[in-house]
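Have a look at data31.cif below; it lists mmCIF, C-alpha atoms (C1' of nucleotides).
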data_structure
#
loop_
_atom_site.label_atom_id
_atom_site.label_comp_id
_atom_site.auth_asym_id
_atom_site.auth_seq_id
_atom_site.Cartn_x
_atom_site.Cartn_y
_atom_site.Cartn_z
CA MET A 2 22.46 4.93 31.96
CA PRO A 3 21.41 8.29 33.28
CA ARG A 4 18.37 8.06 35.42
CA ARG A 5 15.26 9.24 33.79
CA ALA A 6 11.82 9.63 35.11
CA ALA A 7 9.37 8.67 32.56
CA GLY A 8 10.38 8.64 29.44
CA LEU A 9 11.52 7.40 26.25
CA ARG A 10 14.86 7.49 24.90
CA ARG A 11 15.32 9.41 21.75
CA GLU A 12 19.05 9.20 21.51
CA ALA A 13 21.37 6.64 20.06
CA PRO A 14 20.63 5.23 16.64
CA ALA A 15 21.72 2.02 18.27
CA ALA A 16 25.04 0.36 17.64
CA SER A 17 25.43 0.38 13.91
CA VAL A 18 26.15 2.31 10.80
CA PRO A 19 23.76 5.21 10.30
CA PRO A 20 21.53 4.65 7.29
CA LEU A 21 22.93 6.16 4.14
CA PRO A 22 20.81 8.60 2.16
CA CYS A 23 18.53 6.39 0.12
CA THR A 24 16.70 7.99 -2.76
CA GLY A 25 14.01 5.34 -2.60
CA ALA A 26 13.33 5.77 1.10
CA THR A 27 13.30 9.54 0.78
CA ILE A 28 10.89 9.65 -2.09
CA ARG A 29 8.56 7.21 -0.37
CA ARG A 30 8.64 9.28 2.75
CA LEU A 31 7.75 12.39 0.82
CA ALA A 32 5.05 10.51 -1.04
CA ARG A 33 3.50 9.50 2.26
CA ARG A 34 3.67 13.02 3.57
CA ILE A 35 2.19 14.59 0.45
CA THR A 36 -0.52 11.96 0.14
CA SER A 37 -1.54 12.68 3.70
CA PHE A 38 -1.59 16.40 2.89
CA TYR A 39 -3.95 16.00 -0.02
CA GLU A 40 -6.22 13.53 1.68
CA SER A 41 -6.69 15.71 4.71
CA ARG A 42 -8.23 18.20 2.30
CA MET A 43 -10.23 15.80 0.18
CA PRO A 44 -13.00 14.42 2.36
CA GLY A 45 -14.30 11.02 1.39
CA LEU A 46 -11.80 10.39 -1.37
CA ARG A 47 -8.32 8.96 -1.44
CA LEU A 48 -5.77 10.65 -3.62
CA GLY A 49 -5.43 7.56 -5.76
CA GLN A 50 -9.15 7.41 -6.25
CA TYR A 51 -9.29 11.00 -7.34
CA SER A 52 -6.42 10.41 -9.69
CA LEU A 53 -8.35 7.53 -11.16
CA LEU A 54 -11.52 9.58 -11.59
CA ALA A 55 -9.49 12.31 -13.22
CA HIS A 56 -8.12 9.88 -15.79
CA LEU A 57 -11.50 8.37 -16.53
CA GLY A 58 -13.97 9.88 -18.93
CA THR A 59 -17.37 9.45 -20.48
CA GLU A 60 -15.79 7.49 -23.28
CA PRO A 61 -15.26 3.84 -22.30
CA GLN A 62 -11.62 2.88 -22.37
CA PRO A 63 -9.87 -0.44 -21.82
CA LEU A 64 -8.13 -1.19 -18.57
CA CYS A 65 -4.80 -1.66 -20.25
CA ALA A 66 -4.94 1.79 -21.81
CA LEU A 67 -5.76 3.29 -18.45
CA SER A 68 -2.96 1.43 -16.73
CA ARG A 69 -0.54 2.66 -19.36
CA ARG A 70 -1.67 6.23 -18.97
CA LEU A 71 -1.38 6.03 -15.22
CA GLU A 72 1.86 4.10 -15.50
CA MET A 73 0.47 1.76 -12.91
CA ASP A 74 0.34 -1.98 -12.64
CA ARG A 75 -2.69 -3.39 -14.38
CA THR A 76 -3.70 -5.61 -11.48
CA THR A 77 -3.41 -2.73 -9.06
CA LEU A 78 -5.73 -0.77 -11.27
CA THR A 79 -8.25 -3.61 -11.31
CA ARG A 80 -8.45 -3.53 -7.54
CA ASN A 81 -8.39 0.23 -7.17
CA LEU A 82 -11.32 0.40 -9.53
CA LYS A 83 -13.40 -1.87 -7.36
CA PRO A 84 -14.54 0.71 -4.77
CA LEU A 85 -15.40 3.14 -7.55
CA LEU A 86 -17.52 0.52 -9.25
CA ALA A 87 -19.19 -0.33 -5.97
CA ALA A 88 -19.94 3.35 -5.39
CA GLY A 89 -21.57 3.57 -8.79
CA TRP A 90 -19.10 6.13 -10.08
CA VAL A 91 -17.75 3.89 -12.80
CA ARG A 92 -19.48 1.48 -15.13
CA GLU A 93 -18.07 -1.22 -17.35
CA THR A 94 -19.27 -1.92 -20.85
CA ALA A 95 -18.53 -4.63 -23.37
CA GLY A 96 -16.80 -3.81 -26.60
CA ALA A 97 -16.13 -5.62 -29.84
CA ASP A 98 -13.05 -7.27 -28.41
CA ALA A 99 -14.24 -9.66 -25.75
CA ARG A 100 -10.92 -9.48 -23.97
CA LEU A 101 -11.22 -5.81 -23.21
CA ARG A 102 -12.90 -4.49 -20.14
CA LEU A 103 -14.06 -0.99 -20.93
CA VAL A 104 -14.59 1.45 -18.10
CA ALA A 105 -16.10 4.92 -18.03
CA LEU A 106 -17.49 7.46 -15.60
CA THR A 107 -21.17 7.40 -14.73
CA PRO A 108 -23.08 10.68 -14.30
CA ALA A 109 -22.69 10.23 -10.56
CA GLY A 110 -19.00 9.69 -11.12
CA ARG A 111 -18.74 12.92 -13.05
CA ARG A 112 -20.46 14.81 -10.26
CA VAL A 113 -18.14 13.35 -7.66
CA ARG A 114 -15.17 14.17 -9.80
CA GLU A 115 -16.22 17.75 -10.26
CA ARG A 116 -16.76 18.22 -6.56
CA ALA A 117 -13.45 16.56 -5.82
CA ARG A 118 -11.67 18.66 -8.39
CA THR A 119 -12.54 21.72 -6.36
CA HIS A 120 -11.06 20.20 -3.25
CA TRP A 121 -8.05 19.06 -5.19
CA LYS A 122 -7.46 22.55 -6.55
CA THR A 123 -7.58 23.96 -3.07
CA ALA A 124 -5.18 21.32 -1.83
CA GLN A 125 -2.82 21.87 -4.73
CA ALA A 126 -2.86 25.63 -4.21
CA GLU A 127 -2.28 25.19 -0.51
CA LEU A 128 0.55 22.79 -1.19
CA GLU A 129 2.19 25.25 -3.53
CA GLU A 130 1.71 27.91 -0.92
CA THR A 131 3.38 25.72 1.68
CA LEU A 132 6.25 24.54 -0.46
CA GLY A 133 6.71 27.83 -2.21
CA ARG A 134 5.10 29.01 -5.43
CA ASP A 135 8.36 29.00 -7.31
CA PHE A 136 9.59 25.82 -5.68
CA VAL A 137 6.86 23.50 -6.94
CA PRO A 138 7.53 23.97 -10.67
CA VAL A 139 11.17 23.22 -10.07
CA LEU A 140 10.28 20.14 -8.05
CA HIS A 141 7.96 18.99 -10.82
CA ALA A 142 10.67 19.52 -13.38
CA HIS A 143 12.99 17.28 -11.42
CA LEU A 144 10.37 14.62 -10.81
CA ASP A 145 9.49 14.59 -14.49
CA ALA A 146 13.14 14.43 -15.44
CA ALA A 147 13.63 11.46 -13.14
CA LEU A 148 10.57 9.75 -14.58
CA ALA A 149 11.84 10.33 -18.08
CA ARG A 150 15.22 8.82 -17.30
CA LEU A 151 13.87 5.85 -15.36
CA LYS A 152 12.36 3.46 -17.82
CA PRO A 153 9.48 1.37 -16.48
CA ALA A 154 11.06 -1.87 -17.66
CA LEU A 155 7.72 -3.47 -18.42
CA PRO A 156 7.82 -7.13 -17.48
CA ASP A 157 4.93 -8.62 -19.43
CA ASP A 158 1.74 -6.70 -19.17
CA ASN A 159 1.00 -3.01 -19.26
CA MET B 4 -18.32 23.52 -28.72
CA PRO B 5 -18.49 22.40 -32.30
CA ARG B 6 -20.74 19.45 -32.71
CA ARG B 7 -18.64 16.86 -34.36
CA ALA B 8 -19.75 13.96 -36.45
CA ALA B 9 -19.31 10.61 -34.88
CA GLY B 10 -16.13 9.07 -36.06
CA LEU B 11 -14.08 12.20 -36.39
CA ARG B 12 -12.15 11.68 -33.25
CA ARG B 13 -9.73 8.91 -32.76
CA GLU B 14 -7.78 9.88 -29.72
CA ALA B 15 -9.80 11.97 -27.30
CA PRO B 16 -8.92 11.60 -23.63
CA ALA B 17 -12.62 10.97 -23.33
CA ALA B 18 -15.02 13.83 -22.86
CA SER B 19 -13.47 15.74 -20.02
CA VAL B 20 -10.79 18.01 -18.80
CA PRO B 21 -7.34 16.49 -19.06
CA PRO B 22 -5.88 15.80 -15.61
CA LEU B 23 -3.97 18.73 -14.26
CA PRO B 24 -0.42 18.20 -13.05
CA CYS B 25 -0.82 16.83 -9.55
CA THR B 26 2.23 16.85 -7.34
CA GLY B 27 0.83 13.98 -5.31
CA ALA B 28 0.17 11.73 -8.28
CA THR B 29 3.56 12.52 -9.78
CA ILE B 30 5.51 11.78 -6.66
CA ARG B 31 3.64 8.55 -6.11
CA ARG B 32 4.33 7.52 -9.65
CA LEU B 33 8.02 8.19 -9.22
CA ALA B 34 8.00 6.40 -5.89
CA ARG B 35 6.54 3.32 -7.57
CA ARG B 36 9.09 3.48 -10.32
CA ILE B 37 12.06 3.93 -8.02
CA THR B 38 10.86 1.28 -5.60
CA SER B 39 10.64 -1.15 -8.48
CA PHE B 40 14.14 -0.16 -9.56
CA TYR B 41 15.66 -0.92 -6.16
CA GLU B 42 13.74 -4.11 -5.61
CA SER B 43 14.77 -5.56 -8.95
CA ARG B 44 18.30 -5.32 -7.61
CA MET B 45 17.69 -6.49 -4.06
CA PRO B 46 16.75 -10.15 -4.24
CA GLY B 47 14.60 -11.42 -1.40
CA LEU B 48 14.10 -8.07 0.27
CA ARG B 49 11.62 -5.27 -0.21
CA LEU B 50 12.92 -1.74 -0.12
CA GLY B 51 10.86 -0.99 2.95
CA GLN B 52 12.23 -4.02 4.70
CA TYR B 53 15.78 -3.00 3.97
CA SER B 54 15.02 0.49 5.17
CA LEU B 55 13.73 -1.01 8.38
CA LEU B 56 16.78 -3.20 8.86
CA ALA B 57 18.98 -0.18 8.20
CA HIS B 58 17.26 1.76 10.96
CA LEU B 59 17.42 -1.06 13.44
CA GLY B 60 20.45 -1.82 15.55
CA THR B 61 21.84 -4.08 18.20
CA GLU B 62 20.50 -1.74 20.84
CA PRO B 63 16.81 -2.43 21.53
CA GLN B 64 14.68 0.58 20.79
CA PRO B 65 10.99 1.25 21.30
CA LEU B 66 8.61 1.12 18.39
CA CYS B 67 7.56 4.71 18.84
CA ALA B 68 11.14 5.93 18.56
CA LEU B 69 11.59 3.92 15.41
CA SER B 70 8.38 5.22 13.89
CA ARG B 71 9.48 8.76 14.62
CA ARG B 72 12.86 8.21 13.04
CA LEU B 73 11.30 6.67 9.97
CA GLU B 74 8.56 9.28 9.99
CA MET B 75 6.14 6.45 9.44
CA ASP B 76 2.85 5.55 10.99
CA ARG B 77 3.31 3.50 14.11
CA THR B 78 0.77 0.87 13.15
CA THR B 79 2.32 0.48 9.72
CA LEU B 80 5.62 -0.14 11.41
CA THR B 81 4.08 -2.80 13.63
CA ARG B 82 2.92 -4.71 10.60
CA ASN B 83 6.05 -4.18 8.54
CA LEU B 84 8.06 -5.58 11.38
CA LYS B 85 6.11 -8.81 11.40
CA PRO B 86 7.85 -10.55 8.49
CA LEU B 87 11.23 -9.57 9.91
CA LEU B 88 10.31 -11.07 13.25
CA ALA B 89 9.03 -14.20 11.54
CA ALA B 90 12.30 -14.47 9.62
CA GLY B 91 14.25 -14.26 12.85
CA TRP B 92 16.02 -11.07 11.84
CA VAL B 93 14.53 -9.03 14.65
CA ARG B 94 13.86 -9.86 18.26
CA GLU B 95 11.78 -8.09 20.85
CA THR B 96 12.80 -7.62 24.43
CA ALA B 97 11.04 -6.32 27.50
CA GLY B 98 12.23 -3.15 29.19
CA ALA B 99 11.51 -1.42 32.43
CA ASP B 100 8.46 0.29 30.99
CA ALA B 101 5.93 -2.43 30.29
CA ARG B 102 4.28 -0.32 27.63
CA LEU B 103 7.30 -0.24 25.40
CA ARG B 104 8.01 -2.90 22.86
CA LEU B 105 11.72 -2.92 22.28
CA VAL B 106 13.07 -4.25 19.02
CA ALA B 107 16.60 -4.96 17.86
CA LEU B 108 18.48 -6.86 15.18
CA THR B 109 19.47 -10.46 15.77
CA PRO B 110 22.84 -11.73 14.55
CA ALA B 111 21.03 -13.22 11.57
CA GLY B 112 19.41 -9.86 10.99
CA ARG B 113 22.79 -8.17 10.98
CA ARG B 114 24.09 -10.64 8.45
CA VAL B 115 21.11 -10.10 6.19
CA ARG B 116 21.48 -6.38 6.52
CA GLU B 117 25.12 -6.45 5.58
CA ARG B 118 24.45 -8.58 2.54
CA ALA B 119 21.56 -6.33 1.57
CA ARG B 120 23.63 -3.22 2.05
CA THR B 121 25.90 -4.40 -0.71
CA HIS B 122 22.97 -4.84 -3.06
CA TRP B 123 21.58 -1.52 -1.97
CA LYS B 124 24.84 0.23 -2.71
CA THR B 125 24.91 -1.26 -6.16
CA ALA B 126 21.33 -0.21 -6.78
CA GLN B 127 21.96 3.29 -5.49
CA ALA B 128 25.04 3.67 -7.66
CA GLU B 129 23.19 2.36 -10.67
CA LEU B 130 20.31 4.71 -9.98
CA GLU B 131 22.67 7.66 -9.79
CA GLU B 132 24.24 6.47 -13.00
CA THR B 133 20.83 6.33 -14.66
CA LEU B 134 19.52 9.61 -13.35
CA GLY B 135 22.80 11.39 -13.63
CA ARG B 136 25.52 11.72 -11.01
CA ASP B 137 24.99 15.42 -10.59
CA PHE B 138 21.23 15.17 -10.86
CA VAL B 139 20.65 13.00 -7.82
CA PRO B 140 22.11 15.40 -5.23
CA VAL B 141 19.93 18.15 -6.64
CA LEU B 142 16.89 15.90 -6.52
CA HIS B 143 17.69 14.98 -2.93
CA ALA B 144 18.05 18.61 -2.03
CA HIS B 145 14.60 19.33 -3.37
CA LEU B 146 13.03 16.30 -1.72
CA ASP B 147 14.59 17.25 1.59
CA ALA B 148 13.46 20.83 1.19
CA ALA B 149 9.92 19.67 0.53
CA LEU B 150 10.04 17.38 3.57
CA ALA B 151 11.29 20.22 5.72
CA ARG B 152 8.50 22.51 4.60
CA LEU B 153 5.75 19.93 4.90
CA LYS B 154 5.09 19.35 8.54
CA PRO B 155 3.83 15.86 9.42
CA ALA B 156 0.88 17.24 11.38
CA LEU B 157 1.00 14.41 13.88
CA PRO B 158 -2.55 13.46 14.82
CA ASP B 159 -2.12 11.56 18.06
CA ASP B 160 0.58 8.99 18.05
CA ASN B 161 4.03 9.00 16.58
"C1'" DG C 30 -2.76 6.53 47.32
"C1'" DT C 31 -6.06 7.19 43.85
"C1'" DA C 32 -8.55 9.54 39.91
"C1'" DG C 33 -7.70 11.08 35.50
"C1'" DG C 34 -4.94 12.33 31.76
"C1'" DT C 35 -0.95 10.63 28.90
"C1'" DT C 36 1.68 7.39 26.39
"C1'" DG C 37 2.77 3.10 23.77
"C1'" DC C 38 0.75 -0.30 21.47
"C1'" DG C 39 -2.43 -3.73 18.73
"C1'" DT C 40 -6.44 -4.65 15.62
"C1'" DG C 41 -10.14 -4.00 12.30
"C1'" DC C 42 -11.10 -1.82 8.17
"C1'" DA C 43 -10.18 -0.01 3.67
"C1'" DT C 44 -7.14 0.95 0.21
"C1'" DA C 45 -2.42 0.60 -2.49
"C1'" DT C 46 1.19 -2.11 -4.78
"C1'" DG C 47 3.10 -5.55 -7.85
"C1'" DC C 48 4.66 -10.41 -9.01
"C1'" DA C 49 3.50 -15.21 -10.47
"C1'" DC C 50 0.28 -17.83 -12.42
"C1'" DG C 51 -3.70 -19.18 -14.90
"C1'" DT C 52 -7.59 -18.16 -18.35
"C1'" DA C 53 -9.92 -16.41 -22.29
"C1'" DT C 54 -9.63 -14.11 -26.91
"C1'" DT C 55 -7.62 -12.48 -30.75
"C1'" DT C 56 -4.24 -12.30 -34.25
"C1'" DC C 57 -0.68 -14.18 -37.08
"C1'" DG C 58 2.04 -17.49 -39.77
"C1'" DC C 59 1.60 -20.80 -42.99
"C1'" DG D 14 -8.37 -23.01 -41.40
"C1'" DC D 15 -5.45 -24.00 -37.43
"C1'" DG D 16 -2.09 -24.13 -34.11
"C1'" DA D 17 1.10 -20.88 -31.92
"C1'" DA D 18 2.15 -16.43 -30.27
"C1'" DA D 19 0.33 -12.31 -28.51
"C1'" DT D 20 -2.97 -9.66 -25.81
"C1'" DA D 21 -6.19 -8.43 -21.97
"C1'" DC D 22 -7.55 -9.76 -17.84
"C1'" DG D 23 -8.39 -11.88 -12.88
"C1'" DT D 24 -6.72 -14.00 -8.46
"C1'" DG D 25 -3.68 -15.50 -4.76
"C1'" DC D 26 -0.02 -14.03 -2.08
"C1'" DA D 27 2.76 -10.80 0.41
"C1'" DT D 28 3.61 -6.39 1.76
"C1'" DA D 29 2.58 -1.12 2.48
"C1'" DT D 30 -0.28 2.59 4.35
"C1'" DG D 31 -2.91 5.09 7.81
"C1'" DC D 32 -7.27 6.09 10.52
"C1'" DA D 33 -10.51 4.93 14.37
"C1'" DC D 34 -10.91 2.54 18.29
"C1'" DG D 35 -9.75 0.27 22.41
"C1'" DC D 36 -6.54 -1.47 26.11
"C1'" DA D 37 -2.89 -1.45 29.44
"C1'" DA D 38 0.76 0.80 31.82
"C1'" DC D 39 2.51 5.04 33.43
"C1'" DC D 40 2.59 9.68 35.51
"C1'" DT D 41 0.77 13.73 37.93
"C1'" DA D 42 -2.03 16.31 40.75
"C1'" DC D 43 -4.48 16.22 44.69
#
Encoded form (structure tokens):
Amino acid sequence: MPRRAAGLRREAPAASVPPLPCTGATIRRLARRITSFYESRMPGLRLGQYSLLAHLGTEPQPLCALSRRLEMDRTTLTRNLKPLLAAGWVRETAGADARLRLVALTPAGRRVRERARTHWKTAQAELEETLGRDFVPVLHAHLDAALARLKPALPDDN
Amino acid sequence: MPRRAAGLRREAPAASVPPLPCTGATIRRLARRITSFYESRMPGLRLGQYSLLAHLGTEPQPLCALSRRLEMDRTTLTRNLKPLLAAGWVRETAGADARLRLVALTPAGRRVRERARTHWKTAQAELEETLGRDFVPVLHAHLDAALARLKPALPDDN
DNA sequence: GTAGGTTGCGTGCATATGCACGTATTTCGC
DNA sequence: GCGAAATACGTGCATATGCACGCAACCTAC
């Protein structure tokens, strides 16, 4: 071991096979990075929360419909909705079908969404600037293609 | 805006602008989908856990080095390591620098990793089959390009 | 040598994610 | 009608994610 004053070792991946290129790990890494990018430009709102607001409307819609549109687990949606309900941005109403839980934006929710949309637009523009104006459409095309090929494989719900 | 009689509309995304294509939302959606794909083929191990095992080695390395290599928040790493420690797949040792927390694979951890690597390889191959053999390299190239352009913007740690 | 900045780390808080399981309602087959 | 299948939903559990804050050990300048 070479002597070293203070420091940390940044060498050696440590006795083993180097990790092979994993599509899953890579996409998650990029998702983290991009999420962080957006959120640093959207004060007071997580990206997921904004996404939720953007998919909500004045018209009450059932949770299941929302989860399908967002292609997100129903139970995740239930929990992600909680802070928005607590903030008074979303209200729930009862419909004819007693099983359904209908959710819609409140006036306050619409205001928050409009304000956030501005920030989002800025972030999106800045992201496209950073990644390259002509790069982003290509990236999107590939992401969409991957989504189209990868079937959700719905277990029970959704 | 034409005033429409109640009952004319059946679909309607609910009184508002349809969500614009958001790179962040799209990549998170794909990340969820792909994660689910891998995990359905890796019994008893989350994708993140496998990724961690794959980046660990026999040689003890400090947490901070690991978090840098994984490009992941240090505190997230701390927590993600916990189940692996509990399972006896990872051990921690003390080094010269009392600040550092050195972690390495145990023999059991190596065995688990080797078994998991097999499953991972199958999953990866199947994914490439599903997405298209020639598609995946292109996708990777774009993901890597995006990662290269998007600087982490390290706040304090990491 | 010691004060003060730096570095490595853990915890509390808040959200994100999805599976297994259980519950309530509705619809369907007969 | 009525019992079974289908549908919509919540909760418990386990992990994933990162920021703010605080602590301890280390290093550097003086």
From atom CA of A:Ala55 to atom CA of A:Arg118 the spacing works out at 8.3 Å
Pull out every residue of chain C that has at least one atom within 9 Å of chain B, counting all atoms listed in the file, and report them as a list in words.
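Written out as asked, the residues are DT36, DG37, DC38, DG39, DT46 and DG47 of chain C.
Minimum atom-to-atom distance to chain A, evaluated using all atoms listed in the file, belongs to B:Glu62 out of B:Ser70, B:Glu62, B:Thr125, B:Pro46.
Closest approach to C:DA43 among A:Leu86, A:Val137, A:Leu46, A:Val113: A:Leu46, based on only C-alpha atoms (C1' of nucleotides).
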What is the Cα root-mean-square deviation, to one decimal place in Å, for chain A superposed on chain B with all Cα atoms matched in order?
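Once chain A is overlaid on chain B, the RMSD is 3.8 Å.
Between atom CA of B:Ala111 and atom CA of B:Trp92 the separation is 5.5 Å.
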Given the PyMOL selection byres ((chain A) within 8 of (chain B)), the residues it picks as a ChimeraX atom specification
/A:9-11,14-17,19-20,23-32,34-36,39,48-49,52,55-61,72-73,125,131-132,140-141,143-145,147-148,150-151,153
Given the file shown, determine the residues that the PyMOL selection byres ((chain D) within 10 of (chain A)) selects; report them as JSON, numbers by chain.
{"D": [20, 21, 22, 23, 24, 30, 31, 39, 40]}
What is the distance, in Å and to one decimal place, between atom CA of A:Arg92 and atom CA of A:Thr107?
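Between these atoms lies a distance of 6.2 Å.
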Give me the residues near D:DG25 as a PyMOL selection string, where near means some atom within 10 Å (using all atoms listed in the file) and where sequence neighbours in that chain fewer than 2 positions away do not count.
(chain C and resi 49-50) or (chain D and resi 27)
Generate a file of the selected residues that holds C-alpha atoms (C1' of nucleotides), formatted as a PDB file, in the coordinates of the input.
ATOM      1  C1'  DA C  49       3.500 -15.210 -10.470  1.00  0.00           C
ATOM      2  C1'  DC C  50       0.280 -17.830 -12.420  1.00  0.00           C
TER       3       DC C  50
ATOM      4  C1'  DA D  27       2.760 -10.800   0.410  1.00  0.00           C
TER       5       DA D  27
END
Show which residues sit within 9 Å of D:DT28, as a JSON list (two decimals) with C-alpha atoms (C1' of nucleotides), in the frame of the given file. Count all atoms listed in the file, and ignore same-chain residues fewer than 4 positions away.
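And here is the file that came out, around-v8.json:
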[["chain", "number", "residue", "atom", "x", "y", "z"],
["B", 49, "ARG", "CA", 11.62, -5.27, -0.21],
["B", 83, "ASN", "CA", 6.05, -4.18, 8.54],
["B", 86, "PRO", "CA", 7.85, -10.55, 8.49],
["C", 46, "DT", "C1'", 1.19, -2.11, -4.78]]
Where is the centre and how long are the edges: axis-aligned box on stretch 14-32 of chain D, 6 Å on each side, Å to one decimal, as JSON:
{"center_x": -2.4, "center_y": -9.0, "center_z": -15.4, "size_x": 24.0, "size_y": 42.2, "size_z": 63.9}
For stretch 75-94 of chain B, supply N, CA and C atoms and report the output as a PDB file, in the coordinates of the input.
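What landed in selection-v7.pdb:
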ATOM      1  N   MET B  75       7.101   7.396   9.985  1.00  0.00           N
ATOM      2  CA  MET B  75       6.140   6.450   9.440  1.00  0.00           C
ATOM      3  C   MET B  75       5.097   6.159  10.501  1.00  0.00           C
ATOM      4  N   ASP B  76       3.912   5.853  10.050  1.00  0.00           N
ATOM      5  CA  ASP B  76       2.850   5.550  10.990  1.00  0.00           C
ATOM      6  C   ASP B  76       3.245   4.370  11.877  1.00  0.00           C
ATOM      7  N   ARG B  77       2.927   4.515  13.143  1.00  0.00           N
ATOM      8  CA  ARG B  77       3.310   3.500  14.110  1.00  0.00           C
ATOM      9  C   ARG B  77       2.712   2.135  13.786  1.00  0.00           C
ATOM     10  N   THR B  78       1.443   2.141  13.402  1.00  0.00           N
ATOM     11  CA  THR B  78       0.770   0.870  13.150  1.00  0.00           C
ATOM     12  C   THR B  78       1.303   0.211  11.872  1.00  0.00           C
ATOM     13  N   THR B  79       1.704   1.021  10.931  1.00  0.00           N
ATOM     14  CA  THR B  79       2.320   0.480   9.720  1.00  0.00           C
ATOM     15  C   THR B  79       3.616  -0.228  10.094  1.00  0.00           C
ATOM     16  N   LEU B  80       4.356   0.422  10.975  1.00  0.00           N
ATOM     17  CA  LEU B  80       5.620  -0.140  11.410  1.00  0.00           C
ATOM     18  C   LEU B  80       5.404  -1.494  12.089  1.00  0.00           C
ATOM     19  N   THR B  81       4.409  -1.550  12.942  1.00  0.00           N
ATOM     20  CA  THR B  81       4.080  -2.800  13.630  1.00  0.00           C
ATOM     21  C   THR B  81       3.930  -3.936  12.631  1.00  0.00           C
ATOM     22  N   ARG B  82       3.178  -3.653  11.583  1.00  0.00           N
ATOM     23  CA  ARG B  82       2.920  -4.710  10.600  1.00  0.00           C
ATOM     24  C   ARG B  82       4.138  -5.003   9.745  1.00  0.00           C
ATOM     25  N   ASN B  83       4.877  -3.971   9.379  1.00  0.00           N
ATOM     26  CA  ASN B  83       6.050  -4.180   8.540  1.00  0.00           C
ATOM     27  C   ASN B  83       7.133  -4.955   9.266  1.00  0.00           C
ATOM     28  N   LEU B  84       7.071  -4.880  10.570  1.00  0.00           N
ATOM     29  CA  LEU B  84       8.060  -5.580  11.380  1.00  0.00           C
ATOM     30  C   LEU B  84       7.772  -7.074  11.427  1.00  0.00           C
ATOM     31  N   LYS B  85       6.532  -7.421  11.214  1.00  0.00           N
ATOM     32  CA  LYS B  85       6.110  -8.810  11.400  1.00  0.00           C
ATOM     33  C   LYS B  85       6.915  -9.815  10.582  1.00  0.00           C
ATOM     34  N   PRO B  86       7.065  -9.591   9.265  1.00  0.00           N
ATOM     35  CA  PRO B  86       7.850 -10.550   8.490  1.00  0.00           C
ATOM     36  C   PRO B  86       9.293 -10.651   8.950  1.00  0.00           C
ATOM     37  N   LEU B  87       9.846  -9.554   9.432  1.00  0.00           N
ATOM     38  CA  LEU B  87      11.230  -9.570   9.910  1.00  0.00           C
ATOM     39  C   LEU B  87      11.353 -10.375  11.195  1.00  0.00           C
ATOM     40  N   LEU B  88      10.346 -10.278  12.030  1.00  0.00           N
ATOM     41  CA  LEU B  88      10.310 -11.070  13.250  1.00  0.00           C
ATOM     42  C   LEU B  88      10.169 -12.549  12.895  1.00  0.00           C
ATOM     43  N   ALA B  89       9.282 -12.822  11.954  1.00  0.00           N
ATOM     44  CA  ALA B  89       9.030 -14.200  11.540  1.00  0.00           C
ATOM     45  C   ALA B  89      10.296 -14.820  10.943  1.00  0.00           C
ATOM     46  N   ALA B  90      11.083 -13.986  10.254  1.00  0.00           N
ATOM     47  CA  ALA B  90      12.300 -14.470   9.620  1.00  0.00           C
ATOM     48  C   ALA B  90      13.435 -14.625  10.629  1.00  0.00           C
ATOM     49  N   GLY B  91      13.216 -14.149  11.829  1.00  0.00           N
ATOM     50  CA  GLY B  91      14.250 -14.260  12.850  1.00  0.00           C
ATOM     51  C   GLY B  91      15.324 -13.210  12.721  1.00  0.00           C
ATOM     52  N   TRP B  92      15.020 -12.135  12.025  1.00  0.00           N
ATOM     53  CA  TRP B  92      16.020 -11.070  11.840  1.00  0.00           C
ATOM     54  C   TRP B  92      15.906 -10.012  12.933  1.00  0.00           C
ATOM     55  N   VAL B  93      14.787 -10.014  13.602  1.00  0.00           N
ATOM     56  CA  VAL B  93      14.530  -9.030  14.650  1.00  0.00           C
ATOM     57  C   VAL B  93      13.984  -9.747  15.863  1.00  0.00           C
ATOM     58  N   ARG B  94      14.420  -9.284  17.040  1.00  0.00           N
ATOM     59  CA  ARG B  94      13.860  -9.860  18.260  1.00  0.00           C
ATOM     60  C   ARG B  94      13.252  -8.733  19.089  1.00  0.00           C
TER      61      ARG B  94
END
